[in-house]
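J.: This is target.cif (mmCIF, C-alpha atoms).
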```
data_model
#
loop_
_atom_site.label_atom_id
_atom_site.label_comp_id
_atom_site.auth_asym_id
_atom_site.auth_seq_id
_atom_site.Cartn_x
_atom_site.Cartn_y
_atom_site.Cartn_z
CA GLN A 65 182.24 91.97 250.21
CA ALA A 66 183.13 95.56 249.23
CA ILE A 67 182.57 96.64 252.84
CA ASP A 68 185.04 94.00 254.00
CA TYR A 69 187.68 95.24 251.56
CA PHE A 70 187.19 98.91 252.44
CA ASN A 71 187.45 98.06 256.14
CA GLU A 72 190.72 96.28 255.39
CA ALA A 73 191.93 99.41 253.60
CA ILE A 74 190.94 101.55 256.60
CA ALA A 75 192.69 99.18 258.98
CA ALA A 76 195.85 99.55 256.91
CA ASP A 77 195.51 103.35 256.68
CA PRO A 78 192.89 104.91 259.01
CA ALA A 79 193.54 108.33 257.47
CA ASP A 80 192.52 107.26 253.95
CA ALA A 81 189.56 109.58 253.26
CA LEU A 82 188.72 107.87 249.98
CA ALA A 83 188.33 104.49 251.71
CA TRP A 84 186.01 106.06 254.30
CA ALA A 85 183.96 107.74 251.54
CA ALA A 86 183.67 104.47 249.65
CA LEU A 87 182.63 102.65 252.82
CA ALA A 88 179.94 105.30 253.35
CA GLN A 89 178.67 104.79 249.80
CA CYS A 90 178.45 101.04 250.43
CA TYR A 91 176.24 101.51 253.48
CA VAL A 92 174.05 104.11 251.78
CA THR A 93 173.69 101.82 248.76
CA LEU A 94 172.58 98.93 250.97
CA GLY A 95 169.84 101.12 252.43
CA HIS A 96 168.90 102.84 249.20
CA ASN A 97 168.55 99.57 247.30
CA GLN A 98 166.53 98.09 250.18
CA LEU A 99 169.00 95.25 250.68
CA ILE A 100 169.50 96.08 254.36
CA ASP A 101 167.31 99.07 255.19
CA THR A 102 167.91 99.57 258.91
CA THR A 103 168.63 102.55 261.14
CA GLU A 104 172.06 101.10 261.92
CA ILE A 105 173.06 100.83 258.26
CA TRP A 106 172.16 104.48 257.69
CA ARG A 107 173.97 105.53 260.88
CA LEU A 108 177.12 103.78 259.72
CA GLY A 109 176.84 105.43 256.30
CA ARG A 110 176.53 108.92 257.74
CA ALA A 111 179.37 108.36 260.20
CA ALA A 112 181.72 107.11 257.47
CA ALA A 113 180.85 110.05 255.19
CA LEU A 114 181.53 112.54 257.97
CA ARG A 115 184.82 110.80 258.81
CA ALA A 116 185.90 111.12 255.16
CA ILE A 117 185.09 114.84 255.16
CA ARG A 118 186.87 115.42 258.47
CA LEU A 119 189.97 113.70 257.08
CA ASP A 120 189.80 115.60 253.79
CA SER A 121 187.36 118.48 253.37
CA MET A 122 188.12 118.32 249.63
CA SER A 123 186.80 114.75 249.32
CA ALA A 124 184.16 114.94 246.59
CA GLU A 125 183.26 111.31 247.26
CA GLY A 126 182.71 112.03 250.96
CA TRP A 127 180.40 114.96 250.21
CA ALA A 128 178.54 112.88 247.59
CA ALA A 129 177.96 110.07 250.10
CA LEU A 130 176.68 112.56 252.67
CA ALA A 131 174.32 114.04 250.04
CA ASP A 132 172.94 110.58 249.32
CA TYR A 133 172.46 109.89 253.03
CA GLU A 134 170.47 113.09 253.50
CA SER A 135 168.42 112.48 250.33
CA TYR A 136 167.41 108.91 251.11
CA HIS A 137 167.27 108.87 254.89
CA GLY A 138 168.22 112.04 256.75
CA ARG A 139 165.82 114.26 254.79
CA ASP A 140 167.63 117.45 255.64
CA TRP A 141 167.03 118.68 252.12
CA ALA A 142 169.07 121.89 252.45
CA ALA A 143 172.07 119.91 253.72
CA ALA A 144 171.60 117.40 250.91
CA GLU A 145 171.69 120.03 248.17
CA ALA A 146 174.65 121.81 249.74
CA ALA A 147 176.56 118.49 249.80
CA PHE A 148 175.63 117.68 246.19
CA LEU A 149 176.87 121.08 245.05
CA ARG A 150 180.04 120.82 247.13
CA ALA A 151 180.84 117.42 245.63
CA ASP A 152 180.22 118.74 242.13
CA ALA A 153 182.45 121.77 242.68
CA LEU A 154 185.24 119.48 243.83
CA ASN A 155 184.80 116.89 241.07
CA PRO A 156 182.30 117.65 238.28
CA SER A 157 183.13 114.28 236.68
CA LEU A 158 181.64 112.23 239.53
CA ALA A 159 178.85 110.51 237.59
CA TRP A 160 176.93 109.08 240.51
CA ASN A 161 176.72 112.51 242.15
CA HIS A 162 174.93 113.88 239.08
CA TYR A 163 172.64 110.84 239.04
CA HIS A 164 171.52 111.13 242.67
CA TYR A 165 171.28 114.93 242.47
CA SER A 166 168.86 114.45 239.58
CA TRP A 167 166.50 112.50 241.83
CA PHE A 168 166.84 115.11 244.54
CA LEU A 169 165.82 117.81 242.06
CA VAL A 170 162.83 115.93 240.70
CA MET A 171 161.22 115.78 244.14
CA PHE A 172 161.08 119.56 244.17
CA GLY A 173 159.62 119.91 240.68
CA ARG A 174 162.90 121.02 239.09
CA ILE A 175 162.44 118.65 236.16
CA GLU A 176 164.57 120.43 233.54
CA GLU A 177 167.52 120.61 235.94
CA ALA A 178 166.97 116.96 236.86
CA VAL A 179 167.08 115.89 233.22
CA ARG A 180 170.34 117.80 232.67
CA GLU A 181 171.95 116.15 235.70
CA HIS A 182 170.77 112.68 234.65
CA GLU A 183 172.05 113.21 231.10
CA ARG A 184 175.40 114.29 232.52
CA ALA A 185 175.64 111.09 234.56
CA ALA A 186 174.89 109.01 231.45
CA GLN A 187 177.51 110.90 229.42
CA LEU A 188 180.16 110.41 232.08
CA ASP A 189 179.35 106.76 232.74
CA PRO A 190 177.16 105.19 230.04
CA LEU A 191 177.93 101.63 231.16
CA THR A 192 176.19 101.96 234.53
CA PRO A 193 172.56 101.02 233.74
CA PHE A 194 170.91 103.28 236.35
CA HIS A 195 172.27 106.36 234.60
CA THR A 196 170.30 105.46 231.48
CA VAL A 197 167.34 103.29 232.39
CA TRP A 198 165.92 105.57 235.09
CA MET A 199 165.93 108.63 232.81
CA PRO A 200 162.38 108.21 231.41
CA ALA A 201 160.96 108.07 234.92
CA LEU A 202 161.86 111.73 235.42
CA TYR A 203 158.98 112.64 233.12
CA TRP A 204 156.45 110.94 235.39
CA PHE A 205 156.74 113.84 237.79
CA ASN A 206 155.59 116.45 235.30
CA ARG A 207 152.97 114.04 233.94
CA ASP A 208 154.67 113.73 230.54
CA TRP A 209 153.71 110.07 230.25
CA ASP A 210 154.05 109.88 226.46
CA ARG A 211 157.70 110.90 226.50
CA ALA A 212 158.35 108.50 229.38
CA TYR A 213 156.74 105.68 227.41
CA GLU A 214 158.70 106.31 224.21
CA GLU A 215 162.08 106.54 225.94
CA ALA A 216 161.41 103.55 228.21
CA LYS A 217 160.27 101.47 225.24
CA ALA A 218 163.50 102.27 223.40
CA ASN A 219 165.46 101.03 226.42
CA VAL A 220 163.68 97.67 226.72
CA GLU A 221 163.80 97.12 222.97
CA GLY A 222 167.50 97.92 222.91
CA ALA A 223 170.52 97.28 225.10
CA TRP A 224 168.58 97.11 228.36
CA ALA A 225 165.98 94.46 227.46
CA ASP A 226 166.97 92.25 230.39
CA ASN A 227 167.56 95.02 232.91
CA PHE A 228 165.06 94.85 235.76
CA THR A 229 164.90 98.61 236.33
CA ALA A 230 164.41 99.33 232.63
CA ASN A 231 161.45 96.97 232.67
CA TYR A 232 160.09 98.59 235.83
CA VAL A 233 160.17 102.05 234.24
CA PHE A 234 158.59 100.72 231.05
CA ALA A 235 155.81 98.90 232.92
CA VAL A 236 154.75 102.06 234.77
CA SER A 237 155.04 104.24 231.65
CA ALA A 238 153.08 101.76 229.51
CA ALA A 239 150.35 101.45 232.11
CA GLU A 240 149.91 105.20 232.46
CA THR A 241 149.67 105.69 228.67
CA GLY A 242 147.02 103.02 228.26
CA HIS A 243 149.28 100.32 226.81
CA HIS A 244 147.90 97.89 229.35
CA GLU A 245 148.79 94.61 227.67
CA GLU A 246 152.41 95.69 227.30
CA ALA A 247 152.45 96.85 230.91
CA ILE A 248 151.03 93.60 232.28
CA ALA A 249 153.34 91.46 230.12
CA THR A 250 156.31 93.44 231.42
CA ALA A 251 155.11 93.02 235.01
CA TRP A 252 155.05 89.25 234.51
CA LYS A 253 158.57 89.46 233.05
CA MET A 254 159.67 91.29 236.22
CA ASN A 255 158.00 88.60 238.30
CA GLU A 256 160.02 85.96 236.46
CA MET A 257 163.21 87.95 237.03
CA ARG A 258 162.84 88.57 240.75
CA GLY A 259 159.56 87.16 242.01
CA VAL A 260 158.06 90.60 242.62
CA ILE A 261 154.28 91.01 242.58
CA GLY A 262 153.89 94.72 243.35
CA MET A 263 154.05 95.70 239.67
CA LEU A 264 151.50 93.03 238.81
CA GLY A 265 149.13 94.72 241.23
CA ARG A 266 149.86 98.18 239.88
CA THR A 267 149.50 97.32 236.20
CA HIS A 268 146.27 95.37 236.72
CA ALA A 269 144.89 98.22 238.82
CA THR A 270 145.71 100.81 236.14
CA ALA A 271 144.08 98.58 233.53
CA GLY A 272 140.88 98.54 235.60
CA ARG A 273 141.21 94.85 236.38
CA VAL A 274 140.20 95.40 239.96
CA GLU A 275 139.68 91.80 241.06
CA GLU A 276 143.13 90.72 239.89
CA ALA A 277 144.76 93.83 241.38
CA LEU A 278 143.17 93.17 244.76
CA ALA A 279 144.31 89.55 244.64
CA PHE A 280 147.90 90.67 244.08
CA ALA A 281 147.55 93.24 246.88
CA GLU A 282 146.35 90.51 249.20
CA GLN A 283 149.43 88.43 248.38
CA LEU A 284 151.63 91.45 249.00
CA GLU A 285 150.06 92.03 252.39
CA GLN A 286 151.14 88.62 253.66
CA PRO A 287 154.24 88.23 255.87
CA PRO A 288 157.15 88.39 255.81
CA THR A 289 157.28 92.14 255.48
CA HIS A 290 160.02 93.73 253.42
CA PRO A 291 161.27 97.25 252.67
CA GLY A 292 159.08 98.96 250.10
CA GLN A 293 156.08 96.70 250.74
CA ALA A 294 154.02 99.55 252.16
CA ASP A 295 154.85 101.85 249.28
CA ALA A 296 153.85 99.20 246.72
CA LEU A 297 150.51 98.69 248.45
CA ALA A 298 149.94 102.44 248.68
CA HIS A 299 150.51 102.61 244.92
CA ILE A 300 148.00 99.85 244.21
CA TYR A 301 145.26 101.20 246.47
CA GLY A 302 145.90 104.77 245.32
CA ILE A 303 145.39 103.74 241.69
CA LEU A 304 142.20 101.85 242.65
CA GLY A 305 140.91 104.95 244.43
CA ASP A 306 140.82 103.33 247.88
CA MET A 307 142.37 106.30 249.61
CA GLU A 308 141.75 104.99 253.12
CA LYS A 309 143.91 101.94 252.46
CA ALA A 310 146.47 104.00 250.54
CA LEU A 311 146.83 106.26 253.58
CA TYR A 312 147.03 103.27 255.91
CA TRP A 313 150.00 101.85 254.05
CA LEU A 314 151.70 105.22 253.61
CA GLU A 315 151.46 105.77 257.36
CA ARG A 316 152.70 102.27 258.11
CA GLU A 317 156.19 102.77 256.62
CA PRO A 318 157.00 106.47 257.01
CA ARG A 319 160.79 106.02 256.95
CA SER A 320 161.00 104.29 253.59
CA PHE A 321 163.40 106.15 251.29
CA LEU A 322 160.77 105.68 248.57
CA GLN A 323 158.07 107.60 250.35
CA PRO A 324 158.90 111.20 249.38
CA ALA A 325 158.72 110.18 245.70
CA THR A 326 155.57 108.11 246.33
CA LEU A 327 153.86 111.16 247.81
CA LEU A 328 154.49 113.05 244.55
CA MET A 329 153.05 110.44 242.19
CA PRO A 330 150.01 111.54 240.14
CA TYR A 331 147.57 109.05 241.68
CA MET A 332 148.21 110.63 245.06
CA ASP A 333 146.72 113.91 243.79
CA PRO A 334 143.23 113.25 245.27
CA LEU A 335 144.83 112.97 248.73
CA ARG A 336 146.81 116.21 248.69
CA GLU A 337 144.42 118.19 250.88
CA ASN A 338 143.76 115.32 253.29
CA PRO A 339 145.11 116.19 256.79
CA ARG A 340 146.68 112.74 257.17
CA PHE A 341 148.46 113.19 253.85
CA GLN A 342 149.63 116.65 254.88
CA ALA A 343 151.03 115.11 258.07
CA LEU A 344 153.03 112.63 255.93
CA LEU A 345 154.49 115.52 253.93
CA ARG A 346 155.55 117.19 257.18
CA LYS A 347 157.19 113.93 258.37
CA ALA A 348 159.15 113.87 255.10
CA ASN A 349 160.18 117.46 255.86
#
```
Can you present the structure in this file as structure tokens?

T.:
Amino acid sequence: QAIDYFNEAIAADPADALAWAALAQCYVTLGHNQLIDTTEIWRLGRAAALRAIRLDSMSAEGWAALADYESYHGRDWAAAEAAFLRADALNPSLAWNHYHYSWFLVMFGRIEEAVREHERAAQLDPLTPFHTVWMPALYWFNRDWDRAYEEAKANVEGAWADNFTANYVFAVSAAETGHHEEAIATAWKMNEMRGVIGMLGRTHATAGRVEEALAFAEQLEQPPTHPGQADALAHIYGILGDMEKALYWLEREPRSFLQPATLLMPYMDPLRENPRFQALLRKAN
């Protein structure tokens, strides 16, 4: 619906850079949130971002949309960071630019910078859940599971109890800190919210309940396929130590926006020297 409205705005004024930037953000959001994750959606997002910048090189929103495109699909990491920084120089109050830049930084091990950017997003726009509920997940990438667990628990016991993402972050954090019953209960809550089974597989696998985890993986392997399916299965099999199957699923969906982060997760550590894993890192640039 937003796309329809922005297209109406562009039809009324084709030189409106802000409308083009907003249209770009719509397309990138569709792909990033796996609602419509297709090559065409990403192409439209990039084209709209570039149109906004051509119309107004000072469009912070245009540069921010281009940064998100490169981060989640284009994978030209140097171009992504340059666009993030350009957007920030033009408008340091653009909350979503700080939020997405945080997740760019975390992939390169720049955790302290990532936390600062995420905190800035939450300060600027505390009412957007993503800016708050994803914060504990930053600590996964430096293996600070205890801090992740405490902050995620505070979220689900507070204002974000019914937020799906808050529960996702808590389930992973609880599982990795050995709070298996909490993790599994939260995975079932997520299943009730959206019918997802990937987290059920992951939390049972982390708890050592192999038979149940494999049963959930088998369900997940059934058609129809959906964006993120391969990453979820790679998570489950990676946790179970079945690295052949983890590699199979990682190789099956190499263009998923999730994959660069998946490759950095702790349970992928045993695969790091594997030539097939190294090839996946090269594909992710």

J.: What is the distance, in Å and to one decimal place, between CA of Ala79 (chain A) and CA of Leu130 (chain A)?

T.: 18.0 Å

J.: What does the distance between CA of Arg346 (chain A) and CA of Glu176 (chain A) come to in Å, to one decimal place?

T.: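 Atom-to-atom, CA of Arg346 (chain A) and CA of Glu176 (chain A) are spaced 25.5 Å apart.
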
J.: Can you measure CA of Leu188 (chain A) to CA of Asn71 (chain A) for me? One decimal in Å is fine.

T.: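 Going from CA of Leu188 (chain A) over to CA of Asn71 (chain A), I get 28.0 Å.
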
J.: Given all atoms listed in the file as the basis, pick out the residue of A:Phe168, A:Trp84, A:Phe234, A:Tyr331 nearest to Trp127 (chain A).

T.: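 That would be A:Trp84, the residue with the smallest distance to Trp127 (chain A).
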
J.: Have a look at A:His182, A:Lys309, A:His195, A:His244 and name the one nearest to Ala269 (chain A); count only C-alpha atoms.

T.: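 Of all the options, A:His244 lies closest to Ala269 (chain A).
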
J.: Output as AutoDock Vina command-line options the centre and edge lengths (Å, one decimal) of the box along x, y and z of the file that holds every listed atom of region 247-265 of chain A after adding 5 Å on each side.

T.:
```
--center_x 156.2 --center_y 91.4 --center_z 236.7 --size_x 24.1 --size_y 20.9 --size_z 23.2
```

J.: Using all atoms listed in the file for the distances, tell me which of A:Trp167, A:Phe205, A:Trp160, A:Phe172 is nearest to Gln187 (chain A).

T.: A:Trp160

J.: Written as a ChimeraX atom specification, what is the full residue list that the PyMOL selection byres ((chain A and resi 209) around 12) yields on the file shown?

T.: /A:200-208,210-217,233-243,329-330

J.: Could you take the residues named above and write them with C-alpha atoms, as a compact mmCIF listing (two decimals), keeping the file's coordinate frame?

T.:
```txt
# COMPACT_ATOMS: atom_id res chain seq x y z
CA PRO A 200 162.38 108.21 231.41
CA ALA A 201 160.96 108.07 234.92
CA LEU A 202 161.86 111.73 235.42
CA TYR A 203 158.98 112.64 233.12
CA TRP A 204 156.45 110.94 235.39
CA PHE A 205 156.74 113.84 237.79
CA ASN A 206 155.59 116.45 235.30
CA ARG A 207 152.97 114.04 233.94
CA ASP A 208 154.67 113.73 230.54
CA ASP A 210 154.05 109.88 226.46
CA ARG A 211 157.70 110.90 226.50
CA ALA A 212 158.35 108.50 229.38
CA TYR A 213 156.74 105.68 227.41
CA GLU A 214 158.70 106.31 224.21
CA GLU A 215 162.08 106.54 225.94
CA ALA A 216 161.41 103.55 228.21
CA LYS A 217 160.27 101.47 225.24
CA VAL A 233 160.17 102.05 234.24
CA PHE A 234 158.59 100.72 231.05
CA ALA A 235 155.81 98.90 232.92
CA VAL A 236 154.75 102.06 234.77
CA SER A 237 155.04 104.24 231.65
CA ALA A 238 153.08 101.76 229.51
CA ALA A 239 150.35 101.45 232.11
CA GLU A 240 149.91 105.20 232.46
CA THR A 241 149.67 105.69 228.67
CA GLY A 242 147.02 103.02 228.26
CA HIS A 243 149.28 100.32 226.81
CA MET A 329 153.05 110.44 242.19
CA PRO A 330 150.01 111.54 240.14
```

J.: Do you know which residues are at most 9 Å from His299 (chain A) counting all atoms listed in the file, after dropping those on the same chain fewer than 6 positions away, and could you put them as a PyMOL selection string?

T.: chain A and resi 262+265-266+310+326+329+331-332

J.: Write the selection just made, keeping C-alpha atoms, as an mmCIF file, in the frame of the given file?

T.:
```
data_model
loop_
_atom_site.group_PDB
_atom_site.id
_atom_site.type_symbol
_atom_site.label_atom_id
_atom_site.label_comp_id
_atom_site.auth_asym_id
_atom_site.auth_seq_id
_atom_site.Cartn_x
_atom_site.Cartn_y
_atom_site.Cartn_z
ATOM 1 C CA GLY A 262 153.890 94.720 243.350
ATOM 2 C CA GLY A 265 149.130 94.720 241.230
ATOM 3 C CA ARG A 266 149.860 98.180 239.880
ATOM 4 C CA ALA A 310 146.470 104.000 250.540
ATOM 5 C CA THR A 326 155.570 108.110 246.330
ATOM 6 C CA MET A 329 153.050 110.440 242.190
ATOM 7 C CA TYR A 331 147.570 109.050 241.680
ATOM 8 C CA MET A 332 148.210 110.630 245.060
#
```

J.: Using only C-alpha atoms, which residue out of A:Asn349, A:Gly259, A:Glu245, A:Tyr133 lies closest to Phe228 (chain A)?

T.: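 Ranked by minimum distance to Phe228 (chain A), first place goes to A:Gly259.
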
J.: Residue by residue, what does the PyMOL selection byres ((chain A and resi 153) around 12) grab here? Present the result as a list of chain:residue names.

T.: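 This file gives the following for the PyMOL selection byres ((chain A and resi 153) around 12): A:Met122, A:Ser123, A:Ala124, A:Glu125, A:Trp127, A:Ala128, A:Ala146, A:Ala147, A:Phe148, A:Leu149, A:Arg150, A:Ala151, A:Asp152, A:Leu154, A:Asn155, A:Pro156, A:Ser157, A:Leu158, A:Asn161, A:His162.
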
J.: Please identify all polymer residues within 8 Å of Tyr165 (chain A), counting only C-alpha atoms, omitting same-chain residues fewer than 5 positions from it, and present them as a PyMOL selection string.

T.: chain A and resi 145+148+178+181

J.: Run the PyMOL selection byres ((chain A and resi 90) around 10) mentally over the shown coordinates, then write out the matched residues as a PyMOL selection string, using the chain letters and numbers from the document.

T.: chain A and resi 65-67+70+84-89+91-96+105+108-109+112+129

J.: Take the residues from that selection and put them in a file with C-alpha atoms, as a PDB file, in the frame of the given file.

T.:
```
ATOM      1  CA  GLN A  65     182.240  91.970 250.210  1.00  0.00           C
ATOM      2  CA  ALA A  66     183.130  95.560 249.230  1.00  0.00           C
ATOM      3  CA  ILE A  67     182.570  96.640 252.840  1.00  0.00           C
ATOM      4  CA  PHE A  70     187.190  98.910 252.440  1.00  0.00           C
ATOM      5  CA  TRP A  84     186.010 106.060 254.300  1.00  0.00           C
ATOM      6  CA  ALA A  85     183.960 107.740 251.540  1.00  0.00           C
ATOM      7  CA  ALA A  86     183.670 104.470 249.650  1.00  0.00           C
ATOM      8  CA  LEU A  87     182.630 102.650 252.820  1.00  0.00           C
ATOM      9  CA  ALA A  88     179.940 105.300 253.350  1.00  0.00           C
ATOM     10  CA  GLN A  89     178.670 104.790 249.800  1.00  0.00           C
ATOM     11  CA  TYR A  91     176.240 101.510 253.480  1.00  0.00           C
ATOM     12  CA  VAL A  92     174.050 104.110 251.780  1.00  0.00           C
ATOM     13  CA  THR A  93     173.690 101.820 248.760  1.00  0.00           C
ATOM     14  CA  LEU A  94     172.580  98.930 250.970  1.00  0.00           C
ATOM     15  CA  GLY A  95     169.840 101.120 252.430  1.00  0.00           C
ATOM     16  CA  HIS A  96     168.900 102.840 249.200  1.00  0.00           C
ATOM     17  CA  ILE A 105     173.060 100.830 258.260  1.00  0.00           C
ATOM     18  CA  LEU A 108     177.120 103.780 259.720  1.00  0.00           C
ATOM     19  CA  GLY A 109     176.840 105.430 256.300  1.00  0.00           C
ATOM     20  CA  ALA A 112     181.720 107.110 257.470  1.00  0.00           C
ATOM     21  CA  ALA A 129     177.960 110.070 250.100  1.00  0.00           C
TER      22      ALA A 129
END
```

J.: Smallest atom-to-atom distance to Ser135 (chain A): which of A:Leu99, A:Ile117, A:Leu169, A:Ala111, using only C-alpha atoms?

T.: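 Residue with the minimum atom-to-atom distance to Ser135 (chain A): A:Leu169.
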
J.: Do a neighbour search on Val274 (chain A) at 12 Å with all atoms listed in the file, toss out local chain neighbours closer than 3 positions, and write the hits as a compact mmCIF listing (two decimals) with C-alpha atoms, in the coordinates of the input.

T.:
```
# COMPACT_ATOMS: atom_id res chain seq x y z
CA LEU A 264 151.50 93.03 238.81
CA GLY A 265 149.13 94.72 241.23
CA ARG A 266 149.86 98.18 239.88
CA THR A 267 149.50 97.32 236.20
CA HIS A 268 146.27 95.37 236.72
CA ALA A 269 144.89 98.22 238.82
CA THR A 270 145.71 100.81 236.14
CA ALA A 271 144.08 98.58 233.53
CA ALA A 277 144.76 93.83 241.38
CA LEU A 278 143.17 93.17 244.76
CA ALA A 279 144.31 89.55 244.64
CA PHE A 280 147.90 90.67 244.08
CA ALA A 281 147.55 93.24 246.88
CA ILE A 300 148.00 99.85 244.21
CA TYR A 301 145.26 101.20 246.47
CA ILE A 303 145.39 103.74 241.69
CA LEU A 304 142.20 101.85 242.65
CA GLY A 305 140.91 104.95 244.43
CA ASP A 306 140.82 103.33 247.88
```

J.: For a cutoff of 7 Å around the file-coordinate point (167.1, 101.0, 231.1), which residues qualify once you count all atoms listed in the file? I'd like the result as a ChimeraX atom specification.

T.: /A:193-194,196-198,216,219-220,224,227,229-230

J.: Which of these residues is nearest to Val260 (chain A), using only C-alpha atoms: A:Gln283, A:Asp189, A:Glu246, A:Gly272?

T.: A:Gln283

J.: Could you add whatever atoms are missing so that region 172-186 of chain A carries N, CA, C and O atoms, then write the result as a PDB file, in the frame of the given file?

T.:
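Once everything was written out, this is rebuild36.pdb:
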```pdb
ATOM      1  N   PHE A 172     161.464 118.175 243.942  1.00  0.00           N
ATOM      2  CA  PHE A 172     161.080 119.560 244.170  1.00  0.00           C
ATOM      3  C   PHE A 172     160.594 120.232 242.892  1.00  0.00           C
ATOM      4  O   PHE A 172     160.564 121.458 242.788  1.00  0.00           O
ATOM      5  N   GLY A 173     160.219 119.393 241.900  1.00  0.00           N
ATOM      6  CA  GLY A 173     159.620 119.910 240.680  1.00  0.00           C
ATOM      7  C   GLY A 173     160.593 120.557 239.723  1.00  0.00           C
ATOM      8  O   GLY A 173     160.179 121.210 238.758  1.00  0.00           O
ATOM      9  N   ARG A 174     161.875 120.376 239.942  1.00  0.00           N
ATOM     10  CA  ARG A 174     162.900 121.020 239.090  1.00  0.00           C
ATOM     11  C   ARG A 174     163.293 120.036 237.975  1.00  0.00           C
ATOM     12  O   ARG A 174     164.411 119.556 237.882  1.00  0.00           O
ATOM     13  N   ILE A 175     162.304 119.748 237.111  1.00  0.00           N
ATOM     14  CA  ILE A 175     162.440 118.650 236.160  1.00  0.00           C
ATOM     15  C   ILE A 175     163.532 118.924 235.125  1.00  0.00           C
ATOM     16  O   ILE A 175     164.326 118.036 234.802  1.00  0.00           O
ATOM     17  N   GLU A 176     163.571 120.133 234.577  1.00  0.00           N
ATOM     18  CA  GLU A 176     164.570 120.430 233.540  1.00  0.00           C
ATOM     19  C   GLU A 176     165.985 120.287 234.090  1.00  0.00           C
ATOM     20  O   GLU A 176     166.873 119.730 233.426  1.00  0.00           O
ATOM     21  N   GLU A 177     166.203 120.774 235.310  1.00  0.00           N
ATOM     22  CA  GLU A 177     167.520 120.610 235.940  1.00  0.00           C
ATOM     23  C   GLU A 177     167.817 119.133 236.166  1.00  0.00           C
ATOM     24  O   GLU A 177     168.952 118.676 235.965  1.00  0.00           O
ATOM     25  N   ALA A 178     166.796 118.390 236.591  1.00  0.00           N
ATOM     26  CA  ALA A 178     166.970 116.960 236.860  1.00  0.00           C
ATOM     27  C   ALA A 178     167.386 116.218 235.599  1.00  0.00           C
ATOM     28  O   ALA A 178     168.275 115.358 235.630  1.00  0.00           O
ATOM     29  N   VAL A 179     166.742 116.541 234.489  1.00  0.00           N
ATOM     30  CA  VAL A 179     167.080 115.890 233.220  1.00  0.00           C
ATOM     31  C   VAL A 179     168.538 116.189 232.841  1.00  0.00           C
ATOM     32  O   VAL A 179     169.281 115.294 232.423  1.00  0.00           O
ATOM     33  N   ARG A 180     168.954 117.445 233.002  1.00  0.00           N
ATOM     34  CA  ARG A 180     170.340 117.800 232.670  1.00  0.00           C
ATOM     35  C   ARG A 180     171.335 117.015 233.527  1.00  0.00           C
ATOM     36  O   ARG A 180     172.366 116.533 233.024  1.00  0.00           O
ATOM     37  N   GLU A 181     171.044 116.891 234.815  1.00  0.00           N
ATOM     38  CA  GLU A 181     171.950 116.150 235.700  1.00  0.00           C
ATOM     39  C   GLU A 181     172.002 114.668 235.322  1.00  0.00           C
ATOM     40  O   GLU A 181     173.071 114.044 235.315  1.00  0.00           O
ATOM     41  N   HIS A 182     170.834 114.107 235.016  1.00  0.00           N
ATOM     42  CA  HIS A 182     170.770 112.680 234.650  1.00  0.00           C
ATOM     43  C   HIS A 182     171.534 112.447 233.347  1.00  0.00           C
ATOM     44  O   HIS A 182     172.277 111.449 233.212  1.00  0.00           O
ATOM     45  N   GLU A 183     171.338 113.337 232.380  1.00  0.00           N
ATOM     46  CA  GLU A 183     172.050 113.210 231.100  1.00  0.00           C
ATOM     47  C   GLU A 183     173.557 113.295 231.316  1.00  0.00           C
ATOM     48  O   GLU A 183     174.328 112.581 230.654  1.00  0.00           O
ATOM     49  N   ARG A 184     173.971 114.160 232.230  1.00  0.00           N
ATOM     50  CA  ARG A 184     175.400 114.290 232.520  1.00  0.00           C
ATOM     51  C   ARG A 184     175.958 112.990 233.091  1.00  0.00           C
ATOM     52  O   ARG A 184     177.053 112.556 232.716  1.00  0.00           O
ATOM     53  N   ALA A 185     175.210 112.371 233.987  1.00  0.00           N
ATOM     54  CA  ALA A 185     175.640 111.090 234.560  1.00  0.00           C
ATOM     55  C   ALA A 185     175.797 110.044 233.453  1.00  0.00           C
ATOM     56  O   ALA A 185     176.785 109.298 233.430  1.00  0.00           O
ATOM     57  N   ALA A 186     174.835 109.990 232.537  1.00  0.00           N
ATOM     58  CA  ALA A 186     174.890 109.010 231.450  1.00  0.00           C
ATOM     59  C   ALA A 186     176.057 109.283 230.507  1.00  0.00           C
ATOM     60  O   ALA A 186     176.689 108.349 229.999  1.00  0.00           O
TER      61      ALA A 186
END
```
